[in-house]
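Scroll down for the structure; my scribbles are underneath it.
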Amino acid sequence: MEVKVKKQFFDYEIEAPRFAGQEFEMSEKRYEELTQNLLDNHGVDVKDVVEIIKKKVGEVSPAK
């Protein structure tokens, strides 16, 4: 899926910051990991940090 950063965060997977407005590819598994990490470590909802802007054919929506 393609996501757009709404609020800057440090992406530990690539060991670099992701800046507001930046768009990049993210796997569904990585989205789920980010969702859990943001909630567990910072009490932040992933939807406040990134926005899904495009899904690849066959991808399903992340669990709520």
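Chains: A, B, ... in order of the structure tokens. Residues: from 1 per chain. Ligands: from 1, in order shown.
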Q) When DSSP works through the backbone of this structure, what residues of range 10-61 of chain A end up as helix (DSSP H, G or I), shown as a PyMOL selection string? A) chain A and resi 28-42+46-48
**Q.** Test item: residues at most 9 Å from Gly21 in chain A, only C-alpha atoms, excluding those fewer than 2 positions along its chain, as a PyMOL selection string
**A.** chain A and resi 4-8+18-19+23
Q) In Å, with one decimal, what is the gap from CA of Lys54 in chain A to CA of Glu15 in chain A? A)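 Taking CA of Lys54 in chain A as the start and CA of Glu15 in chain A as the end point, the length is 23.9 Å.
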What's around Glu25 in chain A at 12 Å? Count only C-alpha atoms, leave out sequence neighbours fewer than 2 positions away in its own chain, and write the answer as a PDB file with N, CA and C atoms, in the first residue's frame.
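Listing of around05.pdb after writing:
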ATOM      1  N   MET A   1       0.845  -1.168   0.000  1.00  0.00           N
ATOM      2  CA  MET A   1       0.000   0.000   0.000  1.00  0.00           C
ATOM      3  C   MET A   1       0.890   1.230   0.000  1.00  0.00           C
ATOM      4  N   GLU A   2       0.331   2.319  -0.451  1.00  0.00           N
ATOM      5  CA  GLU A   2       1.062   3.574  -0.428  1.00  0.00           C
ATOM      6  C   GLU A   2       0.468   4.427   0.678  1.00  0.00           C
ATOM      7  N   VAL A   3       1.333   5.033   1.470  1.00  0.00           N
ATOM      8  CA  VAL A   3       0.876   5.871   2.575  1.00  0.00           C
ATOM      9  C   VAL A   3       1.498   7.253   2.478  1.00  0.00           C
ATOM     10  N   LYS A   4       0.830   8.197   3.116  1.00  0.00           N
ATOM     11  CA  LYS A   4       1.322   9.568   3.184  1.00  0.00           C
ATOM     12  C   LYS A   4       1.461   9.937   4.657  1.00  0.00           C
ATOM     13  N   VAL A   5       2.597  10.493   5.011  1.00  0.00           N
ATOM     14  CA  VAL A   5       2.881  10.868   6.400  1.00  0.00           C
ATOM     15  C   VAL A   5       2.117  12.147   6.744  1.00  0.00           C
ATOM     16  N   GLN A  22       5.507  13.232   3.088  1.00  0.00           N
ATOM     17  CA  GLN A  22       6.242  12.186   2.380  1.00  0.00           C
ATOM     18  C   GLN A  22       5.318  11.020   2.059  1.00  0.00           C
ATOM     19  N   GLU A  23       5.466  10.463   0.856  1.00  0.00           N
ATOM     20  CA  GLU A  23       4.697   9.293   0.448  1.00  0.00           C
ATOM     21  C   GLU A  23       5.656   8.140   0.210  1.00  0.00           C
ATOM     22  N   SER A  27       4.213  -2.338   3.399  1.00  0.00           N
ATOM     23  CA  SER A  27       3.469  -3.595   3.351  1.00  0.00           C
ATOM     24  C   SER A  27       2.366  -3.561   4.407  1.00  0.00           C
ATOM     25  N   GLU A  28       1.387  -4.399   4.208  1.00  0.00           N
ATOM     26  CA  GLU A  28       0.302  -4.497   5.185  1.00  0.00           C
ATOM     27  C   GLU A  28       0.848  -4.943   6.540  1.00  0.00           C
ATOM     28  N   LYS A  29       1.804  -5.869   6.519  1.00  0.00           N
ATOM     29  CA  LYS A  29       2.418  -6.346   7.762  1.00  0.00           C
ATOM     30  C   LYS A  29       3.125  -5.197   8.490  1.00  0.00           C
ATOM     31  N   ARG A  30       3.852  -4.372   7.744  1.00  0.00           N
ATOM     32  CA  ARG A  30       4.559  -3.242   8.341  1.00  0.00           C
ATOM     33  C   ARG A  30       3.563  -2.233   8.904  1.00  0.00           C
ATOM     34  N   TYR A  31       2.449  -2.023   8.219  1.00  0.00           N
ATOM     35  CA  TYR A  31       1.413  -1.113   8.715  1.00  0.00           C
ATOM     36  C   TYR A  31       0.885  -1.603  10.059  1.00  0.00           C
ATOM     37  N   VAL A  50      -0.062   8.388   9.762  1.00  0.00           N
ATOM     38  CA  VAL A  50      -0.024   8.103   8.321  1.00  0.00           C
ATOM     39  C   VAL A  50      -1.435   7.898   7.784  1.00  0.00           C
ATOM     40  N   GLU A  51      -1.584   8.181   6.493  1.00  0.00           N
ATOM     41  CA  GLU A  51      -2.851   8.013   5.804  1.00  0.00           C
ATOM     42  C   GLU A  51      -2.630   7.070   4.628  1.00  0.00           C
ATOM     43  N   ILE A  52      -3.472   6.061   4.496  1.00  0.00           N
ATOM     44  CA  ILE A  52      -3.389   5.159   3.353  1.00  0.00           C
ATOM     45  C   ILE A  52      -3.961   5.912   2.162  1.00  0.00           C
ATOM     46  N   ILE A  53      -3.144   6.060   1.111  1.00  0.00           N
ATOM     47  CA  ILE A  53      -3.626   6.788  -0.056  1.00  0.00           C
ATOM     48  C   ILE A  53      -3.887   5.877  -1.246  1.00  0.00           C
ATOM     49  N   LYS A  54      -3.298   4.679  -1.228  1.00  0.00           N
ATOM     50  CA  LYS A  54      -3.549   3.750  -2.324  1.00  0.00           C
ATOM     51  C   LYS A  54      -3.226   2.342  -1.876  1.00  0.00           C
ATOM     52  N   LYS A  55      -4.118   1.426  -2.212  1.00  0.00           N
ATOM     53  CA  LYS A  55      -3.889   0.020  -1.913  1.00  0.00           C
ATOM     54  C   LYS A  55      -3.621  -0.712  -3.212  1.00  0.00           C
ATOM     55  N   LYS A  56      -2.823  -1.733  -3.137  1.00  0.00           N
ATOM     56  CA  LYS A  56      -2.578  -2.577  -4.311  1.00  0.00           C
ATOM     57  C   LYS A  56      -3.744  -3.540  -4.466  1.00  0.00           C
TER      58      LYS A  56
END
Q.
I'd like the neighbourhood of Phe10 in chain A as an NGL selection string, where a residue qualifies if any of its atoms comes within 12 Å (using only C-alpha atoms), though same-chain residues fewer than 6 positions away should be ignored.
A. :A and (16-20 or 34 or 37-38 or 49)
Dump C-alpha atoms for the selected residues as a CSV table (one decimal), in the first residue's frame?
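Contents of selection-v7.csv, as written:
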chain,number,residue,atom,x,y,z
A,16,ALA,CA,15.5,7.4,9.4
A,17,PRO,CA,12.8,10.0,9.9
A,18,ARG,CA,9.6,10.1,7.8
A,19,PHE,CA,8.6,13.7,7.2
A,20,ALA,CA,5.0,15.1,6.9
A,34,LEU,CA,3.6,0.5,13.0
A,37,ASN,CA,4.3,0.3,18.0
A,38,LEU,CA,2.7,3.7,18.0
A,49,VAL,CA,0.5,9.7,11.8
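Reported to one decimal place, the separation of CA of Ile14 in chain A from CA of Leu39 in chain A is 19.5 Å.
Within chain A, the backbone-based DSSP assignment of strand (DSSP E) covers A:Glu2, A:Val3, A:Lys4, A:Val5, A:Phe9, A:Phe10, A:Asp11, A:Ala16, A:Pro17, A:Arg18, A:Glu23, A:Phe24, A:Glu25, A:Val50, A:Glu51, A:Ile52, A:Ile53, A:Lys54.
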